[in-house]
file data-v7.json (JSON, C-alpha atoms)
[["chain", "number", "residue", "atom", "x", "y", "z"],
["A", 60, "MET", "CA", -142.76, 175.63, 40.78],
["A", 61, "LYS", "CA", -141.14, 175.77, 37.40],
["A", 62, "ARG", "CA", -139.06, 172.72, 38.28],
["A", 63, "ILE", "CA", -142.21, 170.75, 39.18],
["A", 64, "GLN", "CA", -143.83, 171.77, 35.91],
["A", 65, "THR", "CA", -140.78, 170.64, 33.99],
["A", 66, "MET", "CA", -140.78, 167.35, 35.87],
["A", 67, "ASN", "CA", -144.48, 166.84, 35.16],
["A", 68, "ARG", "CA", -143.88, 167.48, 31.48],
["A", 69, "SER", "CA", -141.02, 164.98, 31.48],
["A", 70, "ILE", "CA", -143.13, 162.32, 33.20],
["A", 71, "LYS", "CA", -145.93, 162.94, 30.74],
["A", 72, "LEU", "CA", -143.63, 162.62, 27.75],
["A", 73, "PHE", "CA", -142.03, 159.51, 29.18],
["A", 74, "ALA", "CA", -145.40, 157.92, 29.84],
["A", 75, "LEU", "CA", -146.66, 158.81, 26.38],
["A", 76, "ALA", "CA", -143.56, 157.31, 24.82],
["A", 77, "LEU", "CA", -144.04, 154.11, 26.81],
["A", 78, "VAL", "CA", -147.67, 153.85, 25.75],
["A", 79, "LEU", "CA", -146.76, 154.29, 22.10],
["A", 80, "VAL", "CA", -143.91, 151.79, 22.24],
["A", 81, "PHE", "CA", -145.77, 149.10, 24.13],
["A", 82, "GLY", "CA", -148.95, 149.68, 22.20],
["A", 83, "ALA", "CA", -147.05, 149.09, 18.98],
["A", 84, "VAL", "CA", -145.28, 146.03, 20.39],
["A", 85, "GLY", "CA", -148.56, 144.65, 21.67],
["A", 86, "PHE", "CA", -150.22, 145.12, 18.32],
["A", 87, "MET", "CA", -147.32, 143.43, 16.54],
["A", 88, "THR", "CA", -147.45, 140.55, 19.00],
["A", 89, "PHE", "CA", -151.16, 140.12, 18.41],
["A", 90, "ALA", "CA", -150.76, 140.31, 14.64],
["A", 91, "HIS", "CA", -147.90, 137.83, 14.75],
["A", 92, "ALA", "CA", -149.94, 135.40, 16.83],
["A", 93, "GLN", "CA", -152.73, 135.58, 14.28],
["A", 94, "THR", "CA", -150.50, 134.85, 11.30],
["A", 95, "SER", "CA", -147.89, 132.46, 12.63],
["A", 96, "THR", "CA", -147.74, 129.03, 11.14],
["A", 97, "GLY", "CA", -146.79, 125.66, 12.52],
["A", 98, "ALA", "CA", -145.98, 122.46, 10.75],
["A", 99, "THR", "CA", -148.35, 121.61, 7.95],
["A", 100, "GLY", "CA", -150.39, 118.48, 8.40],
["A", 101, "THR", "CA", -151.08, 115.88, 5.80],
["A", 102, "ASP", "CA", -154.40, 114.13, 5.83],
["A", 103, "LEU", "CA", -153.45, 110.64, 4.74],
["A", 104, "GLY", "CA", -156.68, 109.09, 5.99],
["A", 105, "THR", "CA", -155.36, 105.56, 5.82],
["A", 106, "GLY", "CA", -156.91, 102.52, 7.42],
["A", 107, "THR", "CA", -155.87, 98.94, 7.93],
["A", 108, "ALA", "CA", -157.90, 95.76, 7.80],
["A", 109, "SER", "CA", -157.00, 92.26, 8.69],
["A", 110, "GLY", "CA", -158.73, 88.96, 8.27],
["A", 111, "THR", "CA", -158.10, 85.30, 8.64],
["A", 112, "THR", "CA", -157.91, 82.95, 5.77],
["A", 113, "GLY", "CA", -160.92, 80.80, 5.37],
["A", 114, "VAL", "CA", -160.79, 77.07, 5.60],
["A", 115, "GLY", "CA", -162.42, 75.27, 2.76],
["A", 116, "VAL", "CA", -163.99, 71.90, 2.80],
["A", 117, "GLY", "CA", -165.09, 70.45, -0.45],
["A", 118, "THR", "CA", -165.49, 73.03, -3.10],
["A", 119, "THR", "CA", -166.44, 76.13, -1.13],
["A", 120, "GLY", "CA", -164.36, 77.75, 1.56],
["A", 121, "THR", "CA", -165.58, 80.06, 4.33],
["A", 122, "GLY", "CA", -163.73, 82.95, 5.80],
["A", 123, "THR", "CA", -164.13, 85.57, 8.49],
["A", 124, "GLY", "CA", -162.41, 88.86, 8.82],
["A", 125, "THR", "CA", -162.30, 91.76, 11.22],
["A", 126, "THR", "CA", -162.84, 95.33, 10.24],
["A", 127, "GLY", "CA", -159.81, 97.50, 10.73],
["A", 128, "THR", "CA", -159.88, 100.86, 12.49],
["A", 129, "SER", "CA", -159.11, 104.01, 10.61],
["A", 130, "THR", "CA", -157.23, 107.02, 11.89],
["A", 131, "THR", "CA", -157.18, 110.39, 10.17],
["A", 132, "VAL", "CA", -153.52, 111.35, 10.39],
["A", 133, "PRO", "CA", -152.90, 114.98, 11.31],
["A", 134, "GLY", "CA", -149.65, 116.91, 11.40],
["A", 135, "VAL", "CA", -147.76, 117.05, 14.67],
["A", 136, "PRO", "CA", -149.02, 119.56, 17.23],
["A", 137, "ASN", "CA", -147.31, 122.77, 18.28],
["A", 138, "THR", "CA", -146.97, 122.44, 22.02],
["A", 139, "GLY", "CA", -144.48, 125.09, 23.02],
["A", 140, "ALA", "CA", -144.66, 128.83, 23.49],
["A", 141, "GLY", "CA", -141.52, 129.56, 25.44],
["A", 142, "GLY", "CA", -139.74, 131.27, 22.58],
["A", 143, "ALA", "CA", -142.12, 134.18, 22.94],
["A", 144, "ALA", "CA", -141.27, 134.54, 26.62],
["A", 145, "PRO", "CA", -138.74, 137.42, 26.33],
["A", 146, "LEU", "CA", -141.23, 139.58, 24.43],
["A", 147, "ASN", "CA", -144.03, 138.74, 26.87],
["A", 148, "TRP", "CA", -141.84, 139.58, 29.86],
["A", 149, "VAL", "CA", -140.95, 142.92, 28.25],
["A", 150, "LEU", "CA", -144.65, 143.65, 27.73],
["A", 151, "LEU", "CA", -145.44, 142.80, 31.36],
["A", 152, "ALA", "CA", -142.57, 144.87, 32.71],
["A", 153, "GLY", "CA", -143.28, 147.79, 30.39],
["A", 154, "SER", "CA", -146.98, 147.94, 31.15],
["A", 155, "SER", "CA", -146.22, 147.66, 34.87],
["A", 156, "ALA", "CA", -143.85, 150.60, 34.60],
["A", 157, "VAL", "CA", -146.43, 152.68, 32.78],
["A", 158, "ILE", "CA", -149.04, 151.90, 35.43],
["A", 159, "GLY", "CA", -146.58, 152.75, 38.19],
["A", 160, "VAL", "CA", -145.54, 156.05, 36.66],
["A", 161, "GLY", "CA", -149.15, 156.99, 35.97],
["A", 162, "VAL", "CA", -150.29, 156.24, 39.50],
["A", 163, "LEU", "CA", -147.36, 158.15, 40.97],
["A", 164, "TYR", "CA", -148.23, 161.10, 38.76],
["A", 165, "LEU", "CA", -151.86, 161.08, 39.91],
["A", 166, "LEU", "CA", -150.82, 160.85, 43.55],
["A", 167, "LYS", "CA", -148.38, 163.69, 43.12],
["A", 168, "GLU", "CA", -151.03, 165.79, 41.43],
["A", 169, "ARG", "CA", -153.25, 165.29, 44.46],
["A", 170, "GLY", "CA", -150.43, 166.39, 46.70],
["A", 171, "VAL", "CA", -149.75, 163.00, 48.23],
["A", 172, "ARG", "CA", -146.11, 162.60, 49.16],
["A", 173, "ALA", "CA", -144.38, 159.25, 49.36],
["B", 214, "MET", "CA", -161.03, 166.87, 35.38],
["B", 215, "THR", "CA", -158.11, 168.32, 33.46],
["B", 216, "MET", "CA", -157.05, 166.94, 30.10],
["B", 217, "LYS", "CA", -153.72, 166.03, 31.59],
["B", 218, "ARG", "CA", -155.31, 163.96, 34.31],
["B", 219, "LEU", "CA", -157.65, 162.28, 31.84],
["B", 220, "ALA", "CA", -154.71, 161.39, 29.59],
["B", 221, "VAL", "CA", -152.86, 159.77, 32.49],
["B", 222, "ILE", "CA", -155.92, 157.73, 33.47],
["B", 223, "VAL", "CA", -156.36, 156.54, 29.88],
["B", 224, "MET", "CA", -152.69, 155.64, 29.78],
["B", 225, "ILE", "CA", -152.97, 153.61, 32.98],
["B", 226, "ALA", "CA", -156.06, 151.81, 31.65],
["B", 227, "ALA", "CA", -154.29, 150.97, 28.39],
["B", 228, "ALA", "CA", -151.25, 149.65, 30.23],
["B", 229, "ALA", "CA", -153.46, 147.57, 32.51],
["B", 230, "ALA", "CA", -155.19, 146.09, 29.46],
["B", 231, "VAL", "CA", -151.83, 145.20, 27.87],
["B", 232, "PHE", "CA", -150.63, 143.66, 31.13],
["B", 233, "THR", "CA", -153.79, 141.59, 31.62],
["B", 234, "ALA", "CA", -153.99, 140.37, 28.03],
["B", 235, "THR", "CA", -150.31, 139.41, 27.98],
["B", 236, "ALA", "CA", -150.49, 137.60, 31.30],
["B", 237, "ILE", "CA", -153.60, 135.61, 30.38],
["B", 238, "ARG", "CA", -152.40, 134.68, 26.91],
["B", 239, "ALA", "CA", -148.85, 133.82, 27.94],
["B", 240, "ALA", "CA", -149.39, 132.10, 31.26],
["B", 241, "TRP", "CA", -152.73, 130.33, 31.12],
["B", 242, "TYR", "CA", -154.31, 130.08, 27.74],
["B", 243, "ALA", "CA", -153.10, 128.60, 24.46],
["B", 244, "PRO", "CA", -155.93, 129.15, 21.96],
["B", 245, "GLU", "CA", -156.22, 127.25, 18.69],
["B", 246, "GLU", "CA", -158.92, 127.28, 16.08],
["B", 247, "PRO", "CA", -160.35, 123.78, 15.58],
["B", 248, "GLN", "CA", -160.91, 122.42, 12.12],
["B", 249, "ALA", "CA", -164.55, 121.80, 11.31],
["B", 250, "PRO", "CA", -165.32, 118.08, 11.11],
["B", 251, "PRO", "CA", -165.95, 116.73, 7.61],
["B", 252, "SER", "CA", -169.53, 116.91, 6.41],
["B", 253, "GLY", "CA", -171.73, 113.91, 6.97],
["B", 254, "GLY", "CA", -170.08, 113.05, 10.24],
["B", 255, "ALA", "CA", -167.61, 110.72, 8.53],
["B", 256, "VAL", "CA", -165.07, 111.20, 11.26],
["B", 257, "ALA", "CA", -166.11, 109.96, 14.63],
["B", 258, "ALA", "CA", -164.16, 109.17, 17.71],
["B", 259, "LEU", "CA", -163.24, 105.51, 17.78],
["B", 260, "ALA", "CA", -163.26, 105.47, 21.53],
["B", 261, "ASP", "CA", -165.91, 103.86, 23.59],
["B", 262, "ASP", "CA", -164.09, 104.68, 26.82],
["B", 263, "PRO", "CA", -162.16, 107.93, 26.41],
["B", 264, "PRO", "CA", -159.36, 108.97, 28.75],
["B", 265, "VAL", "CA", -159.89, 111.57, 31.46],
["B", 266, "ARG", "CA", -156.57, 111.58, 33.29],
["B", 267, "LEU", "CA", -152.91, 110.86, 32.50],
["B", 268, "VAL", "CA", -150.62, 109.83, 35.34],
["B", 269, "ILE", "CA", -146.85, 109.31, 35.12],
["B", 270, "PRO", "CA", -145.63, 108.85, 38.69],
["B", 271, "ALA", "CA", -141.94, 108.91, 37.74],
["B", 272, "LEU", "CA", -142.33, 112.45, 36.37],
["B", 273, "HIS", "CA", -144.90, 113.62, 38.95],
["B", 274, "ILE", "CA", -147.44, 114.15, 36.19],
["B", 275, "ASP", "CA", -151.14, 113.88, 37.04],
["B", 276, "ALA", "CA", -153.04, 115.84, 34.40],
["B", 277, "GLY", "CA", -156.55, 116.20, 33.10],
["B", 278, "VAL", "CA", -157.17, 115.08, 29.51],
["B", 279, "GLN", "CA", -158.90, 117.22, 26.90],
["B", 280, "ASP", "CA", -160.51, 115.70, 23.81],
["B", 281, "LEU", "CA", -158.84, 117.26, 20.77],
["B", 282, "GLY", "CA", -159.18, 117.06, 17.02],
["B", 283, "MET", "CA", -157.30, 118.88, 14.29],
["B", 284, "ASN", "CA", -156.69, 122.60, 14.02],
["B", 285, "ALA", "CA", -157.30, 124.69, 10.93],
["B", 286, "LYS", "CA", -153.80, 123.87, 9.66],
["B", 287, "GLY", "CA", -154.46, 120.14, 9.74],
["B", 288, "ASN", "CA", -152.28, 119.52, 12.79],
["B", 289, "MET", "CA", -153.34, 117.84, 15.98],
["B", 290, "MET", "CA", -154.57, 120.55, 18.31],
["B", 291, "ALA", "CA", -152.67, 121.47, 21.46],
["B", 292, "PRO", "CA", -154.45, 121.63, 24.83],
["B", 293, "SER", "CA", -156.03, 124.97, 25.65],
["B", 294, "THR", "CA", -154.12, 125.13, 28.93],
["B", 295, "PHE", "CA", -150.50, 124.48, 29.80],
["B", 296, "THR", "CA", -151.38, 122.09, 32.63],
["B", 297, "ASP", "CA", -153.75, 119.69, 30.81],
["B", 298, "VAL", "CA", -152.83, 117.17, 28.15],
["B", 299, "GLY", "CA", -154.84, 116.48, 25.00],
["B", 300, "TRP", "CA", -155.97, 113.19, 23.48],
["B", 301, "TYR", "CA", -156.43, 112.94, 19.69],
["B", 302, "ASP", "CA", -160.07, 111.91, 19.58],
["B", 303, "ARG", "CA", -160.10, 110.95, 15.89],
["B", 304, "GLY", "CA", -158.05, 107.89, 16.72],
["B", 305, "PRO", "CA", -158.48, 105.08, 19.22],
["B", 306, "ALA", "CA", -158.63, 105.59, 22.96],
["B", 307, "PRO", "CA", -155.68, 104.45, 25.05],
["B", 308, "GLY", "CA", -156.05, 100.71, 25.56],
["B", 309, "SER", "CA", -158.15, 100.14, 22.45],
["B", 310, "SER", "CA", -156.65, 98.43, 19.43],
["B", 311, "GLY", "CA", -154.44, 100.87, 17.53],
["B", 312, "THR", "CA", -152.34, 103.85, 18.48],
["B", 313, "ALA", "CA", -153.64, 106.56, 20.78],
["B", 314, "VAL", "CA", -151.85, 109.90, 20.91],
["B", 315, "ILE", "CA", -151.67, 112.38, 23.79],
["B", 316, "ASP", "CA", -149.90, 115.74, 23.54],
["B", 317, "GLY", "CA", -148.98, 118.39, 26.09],
["B", 318, "HIS", "CA", -147.15, 121.72, 26.29],
["B", 319, "VAL", "CA", -143.50, 121.85, 27.19],
["B", 320, "ASP", "CA", -143.75, 125.45, 28.44],
["B", 321, "ASN", "CA", -145.94, 128.51, 28.41],
["B", 322, "GLY", "CA", -145.56, 131.97, 26.93],
["B", 323, "LEU", "CA", -143.53, 133.13, 29.89],
["B", 324, "GLY", "CA", -141.10, 130.25, 29.63],
["B", 325, "LEU", "CA", -142.55, 128.56, 32.72],
["B", 326, "ALA", "CA", -142.97, 124.80, 32.83],
["B", 327, "GLY", "CA", -145.78, 123.13, 30.94],
["B", 328, "VAL", "CA", -147.13, 119.69, 31.82],
["B", 329, "PHE", "CA", -144.58, 117.90, 29.61],
["B", 330, "ARG", "CA", -141.54, 120.04, 30.56],
["B", 331, "ASN", "CA", -139.69, 116.98, 31.89],
["B", 332, "LEU", "CA", -140.95, 114.44, 29.37],
["B", 333, "ALA", "CA", -137.50, 114.22, 27.80],
["B", 334, "SER", "CA", -136.16, 112.69, 31.01],
["B", 335, "ILE", "CA", -138.52, 109.71, 30.86],
["B", 336, "ALA", "CA", -136.80, 106.33, 30.51],
["B", 337, "THR", "CA", -137.73, 103.14, 28.74],
["B", 338, "GLY", "CA", -139.62, 100.85, 31.08],
["B", 339, "THR", "CA", -141.39, 103.74, 32.82],
["B", 340, "ASP", "CA", -145.04, 103.15, 33.67],
["B", 341, "ILE", "CA", -147.73, 105.41, 32.23],
["B", 342, "TYR", "CA", -151.30, 105.20, 33.51],
["B", 343, "VAL", "CA", -154.46, 106.44, 31.81],
["B", 344, "ARG", "CA", -157.72, 106.67, 33.70],
["B", 345, "THR", "CA", -160.82, 106.40, 31.56],
["B", 346, "ARG", "CA", -164.32, 107.77, 31.82],
["B", 347, "SER", "CA", -165.61, 104.41, 33.02],
["B", 348, "GLY", "CA", -163.15, 104.44, 35.91],
["B", 349, "ALA", "CA", -160.74, 101.90, 34.46],
["B", 350, "THR", "CA", -156.98, 102.40, 34.63],
["B", 351, "ARG", "CA", -154.89, 101.39, 31.61],
["B", 352, "ARG", "CA", -151.19, 100.74, 32.12],
["B", 353, "PHE", "CA", -148.58, 101.36, 29.46],
["B", 354, "VAL", "CA", -144.81, 100.91, 29.46],
["B", 355, "VAL", "CA", -142.40, 103.14, 27.58],
["B", 356, "ILE", "CA", -140.58, 101.21, 24.87],
["B", 357, "ARG", "CA", -138.60, 103.99, 23.19],
["B", 358, "ILE", "CA", -138.13, 107.75, 22.92],
["B", 359, "GLU", "CA", -137.47, 109.60, 19.68],
["B", 360, "SER", "CA", -136.93, 113.18, 18.56],
["B", 361, "TYR", "CA", -137.88, 114.39, 15.09],
["B", 362, "PRO", "CA", -137.57, 117.71, 13.21],
["B", 363, "TYR", "CA", -140.96, 119.41, 13.47],
["B", 364, "ASP", "CA", -141.34, 119.65, 9.70],
["B", 365, "ALA", "CA", -140.27, 116.07, 9.03],
["B", 366, "ALA", "CA", -141.91, 114.14, 11.85],
["B", 367, "PRO", "CA", -143.32, 110.79, 10.65],
["B", 368, "ALA", "CA", -146.98, 111.51, 11.37],
["B", 369, "SER", "CA", -148.10, 108.14, 10.02],
["B", 370, "LEU", "CA", -145.81, 106.37, 12.44],
["B", 371, "ILE", "CA", -146.68, 108.59, 15.39],
["B", 372, "PHE", "CA", -150.42, 108.30, 14.82],
["B", 373, "GLY", "CA", -150.26, 104.60, 14.14],
["B", 374, "ALA", "CA", -151.21, 104.49, 10.50],
["B", 375, "GLY", "CA", -147.84, 103.04, 9.58],
["B", 376, "GLY", "CA", -148.72, 99.61, 10.79],
["B", 377, "GLU", "CA", -146.18, 99.48, 13.62],
["B", 378, "ALA", "CA", -148.74, 99.31, 16.38],
["B", 379, "ALA", "CA", -151.55, 97.73, 14.43],
["B", 380, "ALA", "CA", -151.12, 94.43, 16.23],
["B", 381, "GLY", "CA", -151.95, 95.83, 19.67],
["B", 382, "ALA", "CA", -152.71, 98.90, 21.68],
["B", 383, "ALA", "CA", -150.15, 101.66, 21.92],
["B", 384, "LEU", "CA", -149.95, 105.13, 23.41],
["B", 385, "ASN", "CA", -147.64, 107.82, 22.07],
["B", 386, "LEU", "CA", -146.94, 111.02, 23.98],
["B", 387, "ILE", "CA", -145.74, 114.07, 22.09],
["B", 388, "THR", "CA", -144.40, 117.50, 22.97],
["B", 389, "CYS", "CA", -142.05, 120.16, 21.64],
["B", 390, "GLU", "CA", -138.31, 120.40, 22.21],
["B", 391, "GLY", "CA", -135.24, 121.93, 20.64],
["B", 392, "THR", "CA", -134.65, 125.55, 19.77],
["B", 393, "TRP", "CA", -137.20, 128.23, 18.97],
["B", 394, "VAL", "CA", -137.99, 128.99, 15.32],
["B", 395, "PRO", "CA", -139.15, 132.62, 15.41],
["B", 396, "GLY", "CA", -140.66, 132.64, 11.92],
["B", 397, "GLY", "CA", -142.58, 129.44, 12.56],
["B", 398, "ASP", "CA", -143.52, 130.36, 16.13],
["B", 399, "THR", "CA", -142.57, 126.86, 17.25],
["B", 400, "TYR", "CA", -139.71, 124.72, 18.52],
["B", 401, "ASP", "CA", -137.74, 122.89, 15.86],
["B", 402, "HIS", "CA", -138.21, 119.33, 17.17],
["B", 403, "ARG", "CA", -140.92, 117.05, 18.48],
["B", 404, "LEU", "CA", -140.24, 114.56, 21.24],
["B", 405, "VAL", "CA", -142.26, 111.36, 20.93],
["B", 406, "VAL", "CA", -142.51, 108.75, 23.67],
["B", 407, "PHE", "CA", -143.70, 105.39, 22.38],
["B", 408, "SER", "CA", -145.39, 103.08, 24.85],
["B", 409, "THR", "CA", -147.25, 99.82, 24.67],
["B", 410, "TYR", "CA", -150.29, 98.61, 26.56],
["B", 411, "VAL", "CA", -149.62, 96.01, 29.21],
["B", 412, "GLY", "CA", -152.98, 95.72, 30.93],
["B", 413, "SER", "CA", -155.62, 97.29, 33.13]]

call {"tool": "encode", "arguments": {"input": "data-v7.json", "output": "structure tokens"}}
result
Amino acid sequence: MKRIQTMNRSIKLFALALVLVFGAVGFMTFAHAQTSTGATGTDLGTGTASGTTGVGVGTTGTGTGTTGTSTTVPGVPNTGAGGAAPLNWVLLAGSSAVIGVGVLYLLKERGVRA
Amino acid sequence: MTMKRLAVIVMIAAAAAVFTATAIRAAWYAPEEPQAPPSGGAVAALADDPPVRLVIPALHIDAGVQDLGMNAKGNMMAPSTFTDVGWYDRGPAPGSSGTAVIDGHVDNGLGLAGVFRNLASIATGTDIYVRTRSGATRRFVVIRIESYPYDAAPASLIFGAGGEAAAGAALNLITCEGTWVPGGDTYDHRLVVFSTYVGS
């Protein structure tokens, strides 16, 4: 009986430690995601226009031109997230372990044997 | 219910929340805050026939296209999923005069393949197809592939304001590559595939 109590206490302490560790890591991950920065964009806002030279007859020439299109130039996008993969895998594995240990504890408390 | 039992249940619930949030954020969803458009509606999409699908048979890519603007940092936004691509809707549509830009993720937060994982293996001469909202298909051909440091990429050239593609219609594809920069939360290079319009 005393051995079971000791084991329960150990499981509880282990689970509590896992919750604290992964809770802290999760919070740091979230905070990091909120504050991380990518490349800074520069809004050049340039446009181009082209036209043809008019042909003049007599004293007055005529000319036509086309209106150029304008593109607001942003910075390059950030299209990768794989560098965060190790941390995310640790979070998934850690939380899975906590769930597993917790469920096993509850089953054991109810007297269910594996 | 004993306090011990309650504590274990709370612990399981907290772990389940961490698991779910991590899985969703890392595997499926790449959120970005969009930048509010300038007042007065000065910026409008130049497209009269926006793209809805990007197809690159040589790379087995057949992806939906999201309309994207700029994020709060002034960069082109990235697609909100790792399987779609994004078209910069403050520039021309693919096939219209000027340079259209489409971006896509190279990988997700678990290191699994994004839509542009294999973009680096594309070769010059490869066909790229864009299907538009009207049902038309625009064909482009890759003319060159470049890699730039992420903090020194020539945005004016990539987005067509440098004059290179002013004479015709071009489509540039962009994604991340290189090594991870932990402090910047990004890869250190951008891969750009330049292509030119050859017809519908």

call {"tool": "residues_around", "arguments": {"input": "data-v7.json", "residues": "A:Ile158", "least_positions_apart": "4", "cutoff": "12 Å", "atoms": "all atoms listed in the file", "output": "list in words"}}
result
Ala74, Leu75, Leu77, Val78, Leu151, Ala152, Gly153, Ser154, Val162, Leu163, Tyr164 and Leu165 of chain A; Val221, Ile222, Val223, Met224, Ile225, Ala226, Ala227, Ala228, Ala229, Ala230, Val231, Phe232 and Thr233 of chain B

call {"tool": "atom_distance", "arguments": {"input": "data-v7.json", "atom1": "atom CA of A:Gly139", "atom2": "atom CA of B:Cys389"}}
result
5.7 Å

call {"tool": "interface_residues", "arguments": {"input": "data-v7.json", "of": "chain B", "to": "chain A", "cutoff": "7 Å", "atoms": "only C-alpha atoms", "output": "ChimeraX atom specification"}}
result
/B:221,224-225,228-229,231-232,235,239,283,286-291,303-304,317-324,363-364,368-369,372,374,388-389,393,397-400

call {"tool": "atom_distance", "arguments": {"input": "data-v7.json", "atom1": "atom CA of B:Thr294", "atom2": "atom CA of B:Ile315"}}
result
14.0 Å

call {"tool": "atom_distance", "arguments": {"input": "data-v7.json", "atom1": "atom CA of B:Thr392", "atom2": "atom CA of B:Ile237"}}
result
23.9 Å

call {"tool": "decode", "arguments": {"input": "data-v7.json", "residues": "stretch 218-254 of chain B", "atoms": "C-alpha atoms", "output": "PDB file, in the first residue's frame"}}
result
ATOM      1  CA  ARG B 218      -8.233  13.567  -9.157  1.00  0.00           C
ATOM      2  CA  LEU B 219      -9.311  17.092 -10.060  1.00  0.00           C
ATOM      3  CA  ALA B 220      -5.672  18.152 -10.443  1.00  0.00           C
ATOM      4  CA  VAL B 221      -4.977  15.274 -12.816  1.00  0.00           C
ATOM      5  CA  ILE B 222      -8.026  16.110 -14.931  1.00  0.00           C
ATOM      6  CA  VAL B 223      -6.965  19.770 -15.144  1.00  0.00           C
ATOM      7  CA  MET B 224      -3.483  18.645 -16.113  1.00  0.00           C
ATOM      8  CA  ILE B 225      -4.835  16.428 -18.893  1.00  0.00           C
ATOM      9  CA  ALA B 226      -7.042  19.260 -20.174  1.00  0.00           C
ATOM     10  CA  ALA B 227      -4.099  21.676 -20.202  1.00  0.00           C
ATOM     11  CA  ALA B 228      -1.915  19.183 -22.064  1.00  0.00           C
ATOM     12  CA  ALA B 229      -4.687  18.552 -24.587  1.00  0.00           C
ATOM     13  CA  ALA B 230      -4.992  22.305 -25.167  1.00  0.00           C
ATOM     14  CA  VAL B 231      -1.225  22.622 -25.732  1.00  0.00           C
ATOM     15  CA  PHE B 232      -1.277  19.649 -28.102  1.00  0.00           C
ATOM     16  CA  THR B 233      -4.227  20.967 -30.118  1.00  0.00           C
ATOM     17  CA  ALA B 234      -2.940  24.537 -30.354  1.00  0.00           C
ATOM     18  CA  THR B 235       0.527  23.385 -31.401  1.00  0.00           C
ATOM     19  CA  ALA B 236      -0.790  20.965 -34.002  1.00  0.00           C
ATOM     20  CA  ILE B 237      -3.156  23.489 -35.573  1.00  0.00           C
ATOM     21  CA  ARG B 238      -0.653  26.334 -35.621  1.00  0.00           C
ATOM     22  CA  ALA B 239       2.275  24.248 -36.840  1.00  0.00           C
ATOM     23  CA  ALA B 240       0.625  21.952 -39.337  1.00  0.00           C
ATOM     24  CA  TRP B 241      -2.273  23.824 -40.898  1.00  0.00           C
ATOM     25  CA  TYR B 242      -2.407  27.503 -40.202  1.00  0.00           C
ATOM     26  CA  ALA B 243       0.076  30.308 -40.832  1.00  0.00           C
ATOM     27  CA  PRO B 244      -1.596  33.485 -39.556  1.00  0.00           C
ATOM     28  CA  GLU B 245      -0.465  36.971 -40.533  1.00  0.00           C
ATOM     29  CA  GLU B 246      -1.945  40.330 -39.739  1.00  0.00           C
ATOM     30  CA  PRO B 247      -2.828  42.210 -42.939  1.00  0.00           C
ATOM     31  CA  GLN B 248      -1.914  45.834 -43.334  1.00  0.00           C
ATOM     32  CA  ALA B 249      -4.900  48.124 -43.599  1.00  0.00           C
ATOM     33  CA  PRO B 250      -5.273  49.543 -47.116  1.00  0.00           C
ATOM     34  CA  PRO B 251      -4.410  53.231 -47.489  1.00  0.00           C
ATOM     35  CA  SER B 252      -7.250  55.645 -46.883  1.00  0.00           C
ATOM     36  CA  GLY B 253      -9.278  56.763 -49.847  1.00  0.00           C
ATOM     37  CA  GLY B 254      -8.961  53.431 -51.577  1.00  0.00           C
TER      38      GLY B 254
END
